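The structure appears right after this line, and notes come after that.
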2 protein chains.
Amino acid sequence: MKVLGTHKYDLDTPCLLIDVDKLDHNLKTMQESVQGAGKNTRPHAKTHKCSEIAKRQLEAGAVGICTAKLAEAEVLAEKGFEHILITGQVALPLKAERLISLIERCPTLMVVLDDLENAKLLDSACGERGVRANVLLDIDPGLHRTGVVVKDVVQAAHVLLELRNLDLKGVQAYAGQVQHIPVYADRREKSLACMCAVQEAFRALKKTGFTGTVFTGAGTGTFDIDTEVEDLTDLQVGSYVLMDAEYGAIGSADNEKGFTRFKSALTMLSSVVSCNQKGMVTIDAGLKSMYRDGATPIVLYPDDRDYSYDWFGDEYGKIGYTGGRGALKTGSMFELMVSHCDPTVNQFDRFYVIEKERVVDVWPIDLRGKSQ
Amino acid sequence: MKVLGTHKYDLDTPCLLIDVDKLDHNLKTMQESVQGAGKNTRPHAKTHKCSEIAKRQLEAGAVGICTAKLAEAEVLAEKGFEHILITGQVALPLKAERLISLIERCPTLMVVLDDLENAKLLDSACGERGVRANVLLDIDPGLHRTGVVVKDVVQAAHVLLELRNLDLKGVQAYAGQVQHIPVYADRREKSLACMCAVQEAFRALKKTGFTGTVFTGAGTGTFDIDTEVEDLTDLQVGSYVLMDAEYGAIGSADNEKGFTRFKSALTMLSSVVSCNQKGMVTIDAGLKSMYRDGATPIVLYPDDRDYSYDWFGDEYGKIGYTGGRGALKTGSMFELMVSHCDPTVNQFDRFYVIEKERVVDVWPIDLRGKSQ
């Protein structure tokens, strides 16, 4: 590829950059922190949508990789990944054929269930094709999005245990509602409250003789909080590996005003396309590149002025500044911390991997658009 | 393709549907309306990102196709399209090589300019490769995003006219700031005010001997308003062909409360993945499918209750309802009018084309992700 060796500010725009040193820092920091607390990581590929990053997460010590969608898991299985967990319920009979084929290819796959009718459909589809499915019971820790409510856990698990083509390996609980609570102490209190309620249900289930061992959950915002939940086995951390302005703005254990344990490995490069106005220029990253959600992107380069980003339609962003325009002209480069990494990444086909400001690799975002 | 003939509610989800009868209605309605007012259409492919729809727009009578990005134009040129207009300035020298190669392949291409330094770079790049570029001067009608300010038009045009490898064919002005003004009379007044100011500048330019003829601009929101601008030659209408909840909510000439001249040809199909809560179910279309911008999506099917959509994270949507849940269960289908069509379409790889509720074709969204 002739792009190798190119200085990052000579790349075509808009595009996504990954600073490999920062990525490695994030991989190492998370793994050491979680492992040091006696837990495992099971990172979420829904964030980066990139099998190359998933591979590095496993090499760093993860016990498996999460995907939100069946289609994401299909791509990973195709590339030889094992120990994939699909964290979203796969609706049957709609997706039965695809799911069973995937289990055949990847027998270590686990999938969550929160609906007993769906579970029975899966059991019977497995029976027909002669496969067994590893399943987790999804429990709602208060997000009210998916999962059975805590009081129904024992009863629901026992229905699953009766289905002979399913192996119930444990439980999942994702408390998305607490991940971005700005004040660390507040986040800690709320997360432990809801995850401990799930733990109680898990313990009640064990008292009935259940021998499944997996209790998976948590996210980047509670990576050093949910490790206090004794029975939790592994953490489904996602954003830590790339980071974004939304996570960067919340308080953390060691910094009230920012989440500085992880570095902005992911940035967006965008160039000026128009500069006919006073106090602003227009750049080529709008809604279709920089997803409008979560937080306002932050200008990292150039850093000679107080630049601010705002969306300016589908294809354009507005860079405001005070004082003179300096050296800005058409084609001038801006590097930004993205708003919300997951849906932003999903709009691009590749990451340009940067080391010491130069392109050292290009990684396909091979799970992009795999929404089914 | 075995998907042909499938009933739309048996498709895998989430996915985008196009009702071909509604699409044809929109194509015909727009073309007749604009042509009846003595103008041409030059529809924008940035909305649908699909060469098959662009082809139908030309067959309906359009004089050319607009793209926002060079990369979109490259895809269309590769498929044999001519008379492409790139409505966003192409920053040089960054994209010089690609632009010149595209002009070589597609000599009828036009590109806008609003920066004289950029224009000189284009002129010299054209000179080196022995090609001529058709250009339009981009004028700012008050959106303050791109374009030269009205008072600078004559001066800027005369600099362009001096550059011997550029053919200045006319001007462009896109008043994005008025397209979604809810009250029709208000929208009409504001659009005519800013477009007539551009027209004056265009006339002043003509008085200096300029013989260029193109004056292109306008959008779906002003499709029956800007036709009153005497010198305007063609309208860059985009959303009309698919429609969305954002445009559907503004008033129009014949309906104070909705934009009913065009039909929702585009819809999203999404299925229930969890239904353990009271008063709501969770569906599989979230931020990464239904772009969060512009307006709240509207549930079109089922229509047996007062359903409402809200985003519920990257992969999930929340469907609220009052009263009982009715027949809803895991796998139940919802069909929705999308929030903002352009960035929503850009998250998918294909349209399922529906006629009388069944799939009759699949069209690749072949300009998706072409953001450079």
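Residues in the structure tokens are numbered from 1 in each chain, the chains being A, B, ... in the order shown, and ligands are numbered from 1 in the order shown.
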Residue list for chain A near chain B as a list in words, 7 Å, only C-alpha atoms: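 The selection requested is Asp12, Thr13, Pro14, Gln89, Val90, Ala91, Leu92, Leu94, Asn118, His144, Arg145, Thr146, Val148, Val273, Ser274, Asn276, Gln277, Thr282, Leu287, Lys288, Asp314, Thr330, Gly331, Pro343, Gln347, Phe348, Gly369, Ser371 and Gln372 of chain A.
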Mind the document's chain letters and residue numbers, and return as a PDB file with N, CA and C atoms, in the first residue's frame the residues of stretch 89-243 of chain B that DSSP labels alpha helix (DSSP H).
```pdb
ATOM      1  N   ALA B  96      -6.079  16.759  -5.627  1.00  0.00           N
ATOM      2  CA  ALA B  96      -5.870  17.186  -7.014  1.00  0.00           C
ATOM      3  C   ALA B  96      -5.813  16.005  -7.983  1.00  0.00           C
ATOM      4  N   GLU B  97      -5.009  15.021  -7.635  1.00  0.00           N
ATOM      5  CA  GLU B  97      -4.798  13.923  -8.568  1.00  0.00           C
ATOM      6  C   GLU B  97      -6.115  13.190  -8.857  1.00  0.00           C
ATOM      7  N   ARG B  98      -6.878  12.939  -7.786  1.00  0.00           N
ATOM      8  CA  ARG B  98      -8.153  12.247  -7.970  1.00  0.00           C
ATOM      9  C   ARG B  98      -9.113  13.080  -8.809  1.00  0.00           C
ATOM     10  N   LEU B  99      -9.160  14.399  -8.543  1.00  0.00           N
ATOM     11  CA  LEU B  99     -10.102  15.251  -9.277  1.00  0.00           C
ATOM     12  C   LEU B  99      -9.752  15.307 -10.763  1.00  0.00           C
ATOM     13  N   ILE B 100      -8.491  15.473 -11.073  1.00  0.00           N
ATOM     14  CA  ILE B 100      -8.095  15.568 -12.488  1.00  0.00           C
ATOM     15  C   ILE B 100      -8.384  14.244 -13.208  1.00  0.00           C
ATOM     16  N   SER B 101      -8.085  13.131 -12.529  1.00  0.00           N
ATOM     17  CA  SER B 101      -8.387  11.822 -13.140  1.00  0.00           C
ATOM     18  C   SER B 101      -9.876  11.672 -13.410  1.00  0.00           C
ATOM     19  N   LEU B 102     -10.677  12.182 -12.496  1.00  0.00           N
ATOM     20  CA  LEU B 102     -12.129  12.098 -12.671  1.00  0.00           C
ATOM     21  C   LEU B 102     -12.585  12.963 -13.853  1.00  0.00           C
ATOM     22  N   ILE B 103     -12.006  14.145 -13.979  1.00  0.00           N
ATOM     23  CA  ILE B 103     -12.363  15.018 -15.112  1.00  0.00           C
ATOM     24  C   ILE B 103     -11.983  14.344 -16.438  1.00  0.00           C
ATOM     25  N   GLU B 104     -10.848  13.675 -16.435  1.00  0.00           N
ATOM     26  CA  GLU B 104     -10.442  12.954 -17.653  1.00  0.00           C
ATOM     27  C   GLU B 104     -11.476  11.893 -18.029  1.00  0.00           C
ATOM     28  N   ARG B 105     -11.981  11.196 -17.012  1.00  0.00           N
ATOM     29  CA  ARG B 105     -12.966  10.134 -17.271  1.00  0.00           C
ATOM     30  C   ARG B 105     -14.337  10.692 -17.611  1.00  0.00           C
ATOM     31  N   LEU B 116     -10.145  31.373  -4.111  1.00  0.00           N
ATOM     32  CA  LEU B 116      -9.359  31.706  -5.298  1.00  0.00           C
ATOM     33  C   LEU B 116      -8.011  31.008  -5.306  1.00  0.00           C
ATOM     34  N   GLU B 117      -7.470  30.764  -4.128  1.00  0.00           N
ATOM     35  CA  GLU B 117      -6.206  30.034  -4.064  1.00  0.00           C
ATOM     36  C   GLU B 117      -6.420  28.591  -4.551  1.00  0.00           C
ATOM     37  N   ASN B 118      -7.527  28.005  -4.093  1.00  0.00           N
ATOM     38  CA  ASN B 118      -7.890  26.662  -4.536  1.00  0.00           C
ATOM     39  C   ASN B 118      -8.104  26.636  -6.055  1.00  0.00           C
ATOM     40  N   ALA B 119      -8.737  27.688  -6.572  1.00  0.00           N
ATOM     41  CA  ALA B 119      -8.989  27.788  -8.012  1.00  0.00           C
ATOM     42  C   ALA B 119      -7.686  27.821  -8.792  1.00  0.00           C
ATOM     43  N   LYS B 120      -6.712  28.550  -8.278  1.00  0.00           N
ATOM     44  CA  LYS B 120      -5.420  28.636  -8.977  1.00  0.00           C
ATOM     45  C   LYS B 120      -4.701  27.284  -8.958  1.00  0.00           C
ATOM     46  N   LEU B 121      -4.825  26.582  -7.831  1.00  0.00           N
ATOM     47  CA  LEU B 121      -4.238  25.239  -7.756  1.00  0.00           C
ATOM     48  C   LEU B 121      -4.897  24.300  -8.768  1.00  0.00           C
ATOM     49  N   LEU B 122      -6.220  24.408  -8.900  1.00  0.00           N
ATOM     50  CA  LEU B 122      -6.931  23.562  -9.864  1.00  0.00           C
ATOM     51  C   LEU B 122      -6.500  23.912 -11.281  1.00  0.00           C
ATOM     52  N   ASP B 123      -6.416  25.196 -11.549  1.00  0.00           N
ATOM     53  CA  ASP B 123      -6.010  25.644 -12.883  1.00  0.00           C
ATOM     54  C   ASP B 123      -4.636  25.091 -13.234  1.00  0.00           C
ATOM     55  N   SER B 124      -3.728  25.176 -12.294  1.00  0.00           N
ATOM     56  CA  SER B 124      -2.377  24.732 -12.623  1.00  0.00           C
ATOM     57  C   SER B 124      -2.310  23.203 -12.722  1.00  0.00           C
ATOM     58  N   ALA B 125      -3.074  22.502 -11.861  1.00  0.00           N
ATOM     59  CA  ALA B 125      -3.120  21.033 -11.978  1.00  0.00           C
ATOM     60  C   ALA B 125      -3.716  20.615 -13.317  1.00  0.00           C
ATOM     61  N   CYS B 126      -4.760  21.330 -13.768  1.00  0.00           N
ATOM     62  CA  CYS B 126      -5.359  21.047 -15.083  1.00  0.00           C
ATOM     63  C   CYS B 126      -4.338  21.286 -16.191  1.00  0.00           C
ATOM     64  N   GLY B 127      -3.608  22.391 -16.077  1.00  0.00           N
ATOM     65  CA  GLY B 127      -2.602  22.736 -17.086  1.00  0.00           C
ATOM     66  C   GLY B 127      -1.566  21.631 -17.228  1.00  0.00           C
ATOM     67  N   GLU B 128      -1.105  21.145 -16.092  1.00  0.00           N
ATOM     68  CA  GLU B 128      -0.076  20.098 -16.115  1.00  0.00           C
ATOM     69  C   GLU B 128      -0.552  18.819 -16.790  1.00  0.00           C
ATOM     70  N   ARG B 129      -1.833  18.501 -16.587  1.00  0.00           N
ATOM     71  CA  ARG B 129      -2.344  17.243 -17.145  1.00  0.00           C
ATOM     72  C   ARG B 129      -3.090  17.452 -18.473  1.00  0.00           C
ATOM     73  N   VAL B 153     -18.939  38.570  -5.422  1.00  0.00           N
ATOM     74  CA  VAL B 153     -19.175  37.663  -6.550  1.00  0.00           C
ATOM     75  C   VAL B 153     -18.494  38.130  -7.838  1.00  0.00           C
ATOM     76  N   VAL B 154     -18.699  39.373  -8.205  1.00  0.00           N
ATOM     77  CA  VAL B 154     -18.171  39.854  -9.482  1.00  0.00           C
ATOM     78  C   VAL B 154     -16.647  39.767  -9.504  1.00  0.00           C
ATOM     79  N   GLN B 155     -16.051  40.230  -8.424  1.00  0.00           N
ATOM     80  CA  GLN B 155     -14.594  40.209  -8.344  1.00  0.00           C
ATOM     81  C   GLN B 155     -14.044  38.775  -8.406  1.00  0.00           C
ATOM     82  N   ALA B 156     -14.661  37.897  -7.627  1.00  0.00           N
ATOM     83  CA  ALA B 156     -14.193  36.503  -7.595  1.00  0.00           C
ATOM     84  C   ALA B 156     -14.357  35.844  -8.966  1.00  0.00           C
ATOM     85  N   ALA B 157     -15.503  36.087  -9.604  1.00  0.00           N
ATOM     86  CA  ALA B 157     -15.754  35.486 -10.916  1.00  0.00           C
ATOM     87  C   ALA B 157     -14.708  35.945 -11.924  1.00  0.00           C
ATOM     88  N   HIS B 158     -14.314  37.192 -11.835  1.00  0.00           N
ATOM     89  CA  HIS B 158     -13.346  37.683 -12.816  1.00  0.00           C
ATOM     90  C   HIS B 158     -11.956  37.111 -12.601  1.00  0.00           C
ATOM     91  N   VAL B 159     -11.631  36.757 -11.367  1.00  0.00           N
ATOM     92  CA  VAL B 159     -10.373  36.034 -11.152  1.00  0.00           C
ATOM     93  C   VAL B 159     -10.468  34.653 -11.809  1.00  0.00           C
ATOM     94  N   LEU B 160     -11.608  33.985 -11.609  1.00  0.00           N
ATOM     95  CA  LEU B 160     -11.787  32.649 -12.211  1.00  0.00           C
ATOM     96  C   LEU B 160     -11.720  32.713 -13.731  1.00  0.00           C
ATOM     97  N   LEU B 161     -12.307  33.769 -14.295  1.00  0.00           N
ATOM     98  CA  LEU B 161     -12.340  33.891 -15.762  1.00  0.00           C
ATOM     99  C   LEU B 161     -10.941  34.076 -16.353  1.00  0.00           C
ATOM    100  N   GLU B 162     -10.020  34.555 -15.547  1.00  0.00           N
ATOM    101  CA  GLU B 162      -8.641  34.743 -16.009  1.00  0.00           C
ATOM    102  C   GLU B 162      -7.870  33.419 -16.082  1.00  0.00           C
ATOM    103  N   TYR B 184     -44.905  27.572   5.850  1.00  0.00           N
ATOM    104  CA  TYR B 184     -44.605  27.699   4.427  1.00  0.00           C
ATOM    105  C   TYR B 184     -44.390  29.159   3.997  1.00  0.00           C
ATOM    106  N   ALA B 185     -45.275  30.052   4.432  1.00  0.00           N
ATOM    107  CA  ALA B 185     -45.188  31.457   4.016  1.00  0.00           C
ATOM    108  C   ALA B 185     -43.874  32.078   4.494  1.00  0.00           C
ATOM    109  N   ASP B 186     -43.488  31.703   5.694  1.00  0.00           N
ATOM    110  CA  ASP B 186     -42.242  32.196   6.269  1.00  0.00           C
ATOM    111  C   ASP B 186     -41.043  31.657   5.476  1.00  0.00           C
ATOM    112  N   ARG B 187     -41.111  30.378   5.160  1.00  0.00           N
ATOM    113  CA  ARG B 187     -40.041  29.739   4.389  1.00  0.00           C
ATOM    114  C   ARG B 187     -39.926  30.396   3.017  1.00  0.00           C
ATOM    115  N   ARG B 188     -41.079  30.651   2.420  1.00  0.00           N
ATOM    116  CA  ARG B 188     -41.107  31.268   1.095  1.00  0.00           C
ATOM    117  C   ARG B 188     -40.447  32.647   1.122  1.00  0.00           C
ATOM    118  N   GLU B 189     -40.841  33.437   2.109  1.00  0.00           N
ATOM    119  CA  GLU B 189     -40.317  34.808   2.200  1.00  0.00           C
ATOM    120  C   GLU B 189     -38.796  34.801   2.374  1.00  0.00           C
ATOM    121  N   LYS B 190     -38.328  33.970   3.303  1.00  0.00           N
ATOM    122  CA  LYS B 190     -36.884  33.961   3.616  1.00  0.00           C
ATOM    123  C   LYS B 190     -36.070  33.368   2.455  1.00  0.00           C
ATOM    124  N   SER B 191     -36.612  32.344   1.807  1.00  0.00           N
ATOM    125  CA  SER B 191     -35.861  31.743   0.708  1.00  0.00           C
ATOM    126  C   SER B 191     -35.757  32.703  -0.473  1.00  0.00           C
ATOM    127  N   LEU B 192     -36.885  33.322  -0.817  1.00  0.00           N
ATOM    128  CA  LEU B 192     -36.852  34.247  -1.961  1.00  0.00           C
ATOM    129  C   LEU B 192     -35.928  35.426  -1.672  1.00  0.00           C
ATOM    130  N   ALA B 193     -35.925  35.895  -0.417  1.00  0.00           N
ATOM    131  CA  ALA B 193     -35.055  37.025  -0.076  1.00  0.00           C
ATOM    132  C   ALA B 193     -33.593  36.672  -0.329  1.00  0.00           C
ATOM    133  N   CYS B 194     -33.163  35.526   0.159  1.00  0.00           N
ATOM    134  CA  CYS B 194     -31.729  35.221   0.006  1.00  0.00           C
ATOM    135  C   CYS B 194     -31.394  34.771  -1.403  1.00  0.00           C
ATOM    136  N   MET B 195     -32.291  34.039  -2.065  1.00  0.00           N
ATOM    137  CA  MET B 195     -31.984  33.598  -3.426  1.00  0.00           C
ATOM    138  C   MET B 195     -32.045  34.779  -4.412  1.00  0.00           C
ATOM    139  N   CYS B 196     -32.905  35.762  -4.142  1.00  0.00           N
ATOM    140  CA  CYS B 196     -32.956  36.935  -5.021  1.00  0.00           C
ATOM    141  C   CYS B 196     -31.718  37.815  -4.848  1.00  0.00           C
ATOM    142  N   ALA B 197     -31.148  37.810  -3.638  1.00  0.00           N
ATOM    143  CA  ALA B 197     -29.889  38.542  -3.441  1.00  0.00           C
ATOM    144  C   ALA B 197     -28.780  37.903  -4.279  1.00  0.00           C
ATOM    145  N   VAL B 198     -28.786  36.574  -4.322  1.00  0.00           N
ATOM    146  CA  VAL B 198     -27.814  35.872  -5.166  1.00  0.00           C
ATOM    147  C   VAL B 198     -28.080  36.194  -6.640  1.00  0.00           C
ATOM    148  N   GLN B 199     -29.363  36.226  -7.009  1.00  0.00           N
ATOM    149  CA  GLN B 199     -29.725  36.533  -8.397  1.00  0.00           C
ATOM    150  C   GLN B 199     -29.215  37.921  -8.810  1.00  0.00           C
ATOM    151  N   GLU B 200     -29.307  38.861  -7.900  1.00  0.00           N
ATOM    152  CA  GLU B 200     -28.800  40.209  -8.219  1.00  0.00           C
ATOM    153  C   GLU B 200     -27.313  40.185  -8.512  1.00  0.00           C
ATOM    154  N   ALA B 201     -26.587  39.424  -7.670  1.00  0.00           N
ATOM    155  CA  ALA B 201     -25.145  39.308  -7.897  1.00  0.00           C
ATOM    156  C   ALA B 201     -24.872  38.640  -9.248  1.00  0.00           C
ATOM    157  N   PHE B 202     -25.666  37.618  -9.579  1.00  0.00           N
ATOM    158  CA  PHE B 202     -25.523  36.913 -10.861  1.00  0.00           C
ATOM    159  C   PHE B 202     -25.793  37.883 -12.019  1.00  0.00           C
ATOM    160  N   ARG B 203     -26.810  38.725 -11.847  1.00  0.00           N
ATOM    161  CA  ARG B 203     -27.130  39.706 -12.903  1.00  0.00           C
ATOM    162  C   ARG B 203     -26.038  40.762 -13.037  1.00  0.00           C
ATOM    163  N   ALA B 204     -25.497  41.178 -11.889  1.00  0.00           N
ATOM    164  CA  ALA B 204     -24.405  42.165 -11.933  1.00  0.00           C
ATOM    165  C   ALA B 204     -23.214  41.573 -12.690  1.00  0.00           C
ATOM    166  N   LEU B 205     -22.982  40.293 -12.454  1.00  0.00           N
ATOM    167  CA  LEU B 205     -21.891  39.599 -13.139  1.00  0.00           C
ATOM    168  C   LEU B 205     -22.148  39.550 -14.650  1.00  0.00           C
ATOM    169  N   LYS B 206     -23.379  39.237 -15.020  1.00  0.00           N
ATOM    170  CA  LYS B 206     -23.713  39.173 -16.450  1.00  0.00           C
ATOM    171  C   LYS B 206     -23.513  40.523 -17.134  1.00  0.00           C
ATOM    172  N   LYS B 207     -23.773  41.588 -16.384  1.00  0.00           N
ATOM    173  CA  LYS B 207     -23.597  42.934 -16.971  1.00  0.00           C
ATOM    174  C   LYS B 207     -22.153  43.227 -17.312  1.00  0.00           C
TER     175      LYS B 207
END
```
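For the pair atom CA of A:Tyr309 and atom CA of A:Gly326, the interatomic distance is 16.9 Å.
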Distance query B:His7 at most 7 Å, only C-alpha atoms, self and fewer than 5 positions along chain excluded, as a ChimeraX atom specification: /B:357-359
Could you write out the selected residues, including C-alpha atoms, as a compact mmCIF listing (two decimals), in the first residue's frame?
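Saved result, part31.txt, follows:
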```txt
# COMPACT_ATOMS: atom_id res chain seq x y z
CA GLU B 357 -45.49 -5.66 0.10
CA ARG B 358 -43.05 -8.06 -1.58
CA VAL B 359 -39.37 -7.72 -2.48
```
A:Tyr321 environment, 9 Å, only C-alpha atoms, sequence neighbours closer than 5 positions dropped, as a PDB file with C-alpha atoms, in the first residue's frame:
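What follows is the written file out_18.pdb:
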```pdb
ATOM      1  CA  GLY A 279     -14.326  33.663  13.122  1.00  0.00           C
ATOM      2  CA  MET A 280     -14.914  30.252  11.555  1.00  0.00           C
ATOM      3  CA  VAL A 281     -13.907  27.846   8.819  1.00  0.00           C
ATOM      4  CA  ARG A 305      -5.974  28.705  19.152  1.00  0.00           C
ATOM      5  CA  ASP A 306      -9.150  28.033  21.072  1.00  0.00           C
ATOM      6  CA  TYR A 307     -10.899  26.035  18.323  1.00  0.00           C
ATOM      7  CA  SER A 308     -14.391  24.598  18.752  1.00  0.00           C
TER       8      SER A 308
END
```
Which of stretch 91-287 of chain A fall in strand (DSSP E), as a VMD selection string: chain A and resid 110 to 113 133 to 138 166 to 173 214 to 217 234 to 235 266 to 274 280 to 283
Writing out the chosen residues with C-alpha atoms as a CSV table (one decimal), in the first residue's frame:
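File produced: out_16.csv:
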```
chain,number,residue,atom,x,y,z
A,110,MET,CA,-22.5,-18.1,23.7
A,111,VAL,CA,-25.7,-16.2,23.2
A,112,VAL,CA,-27.9,-14.4,25.7
A,113,LEU,CA,-31.6,-15.1,26.2
A,133,ALA,CA,-26.2,-23.9,22.2
A,134,ASN,CA,-24.3,-22.2,25.1
A,135,VAL,CA,-26.6,-19.6,26.6
A,136,LEU,CA,-26.6,-17.0,29.3
A,137,LEU,CA,-29.7,-15.6,31.0
A,138,ASP,CA,-29.8,-11.9,30.4
A,166,LEU,CA,-29.3,-25.5,25.6
A,167,ASP,CA,-26.4,-25.3,28.1
A,168,LEU,CA,-27.0,-22.5,30.5
A,169,LYS,CA,-23.6,-21.3,31.4
A,170,GLY,CA,-24.5,-18.3,33.6
A,171,VAL,CA,-25.9,-14.8,33.5
A,172,GLN,CA,-25.3,-11.4,31.9
A,173,ALA,CA,-26.2,-8.0,33.2
A,214,VAL,CA,-20.3,-17.1,34.1
A,215,PHE,CA,-21.5,-13.7,35.4
A,216,THR,CA,-20.6,-11.1,32.8
A,217,GLY,CA,-21.4,-7.4,32.6
A,234,ASP,CA,-15.7,-10.8,33.5
A,235,LEU,CA,-16.1,-7.2,32.2
A,266,LEU,CA,-9.0,7.1,18.0
A,267,THR,CA,-9.1,10.5,16.3
A,268,MET,CA,-10.7,11.9,13.2
A,269,LEU,CA,-8.8,13.8,10.5
A,270,SER,CA,-10.8,16.5,8.6
A,271,SER,CA,-9.7,19.3,6.3
A,272,VAL,CA,-10.9,22.9,5.7
A,273,VAL,CA,-13.1,23.2,2.6
A,274,SER,CA,-14.2,26.8,3.0
A,280,MET,CA,-14.9,30.3,11.6
A,281,VAL,CA,-13.9,27.8,8.8
A,282,THR,CA,-15.8,24.9,7.4
A,283,ILE,CA,-14.3,21.4,7.5
```
Atomic distance atom CA of A:His48 - atom CA of A:Asp366, expressed in Å with one decimal: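 It comes out at 9.5 Å.
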Between atom CA of B:Pro302 and atom CA of B:Met337, distance in Å (one decimal):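 Atom-to-atom, atom CA of B:Pro302 to atom CA of B:Met337, that is 12.3 Å.
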12 Å contact set for A:Asn26, only C-alpha atoms, chain neighbours under 3 positions out, as an MDAnalysis selection string: chainID A and resid 18:23 29:33 43 53 56:57 60 220 237:243 260:266
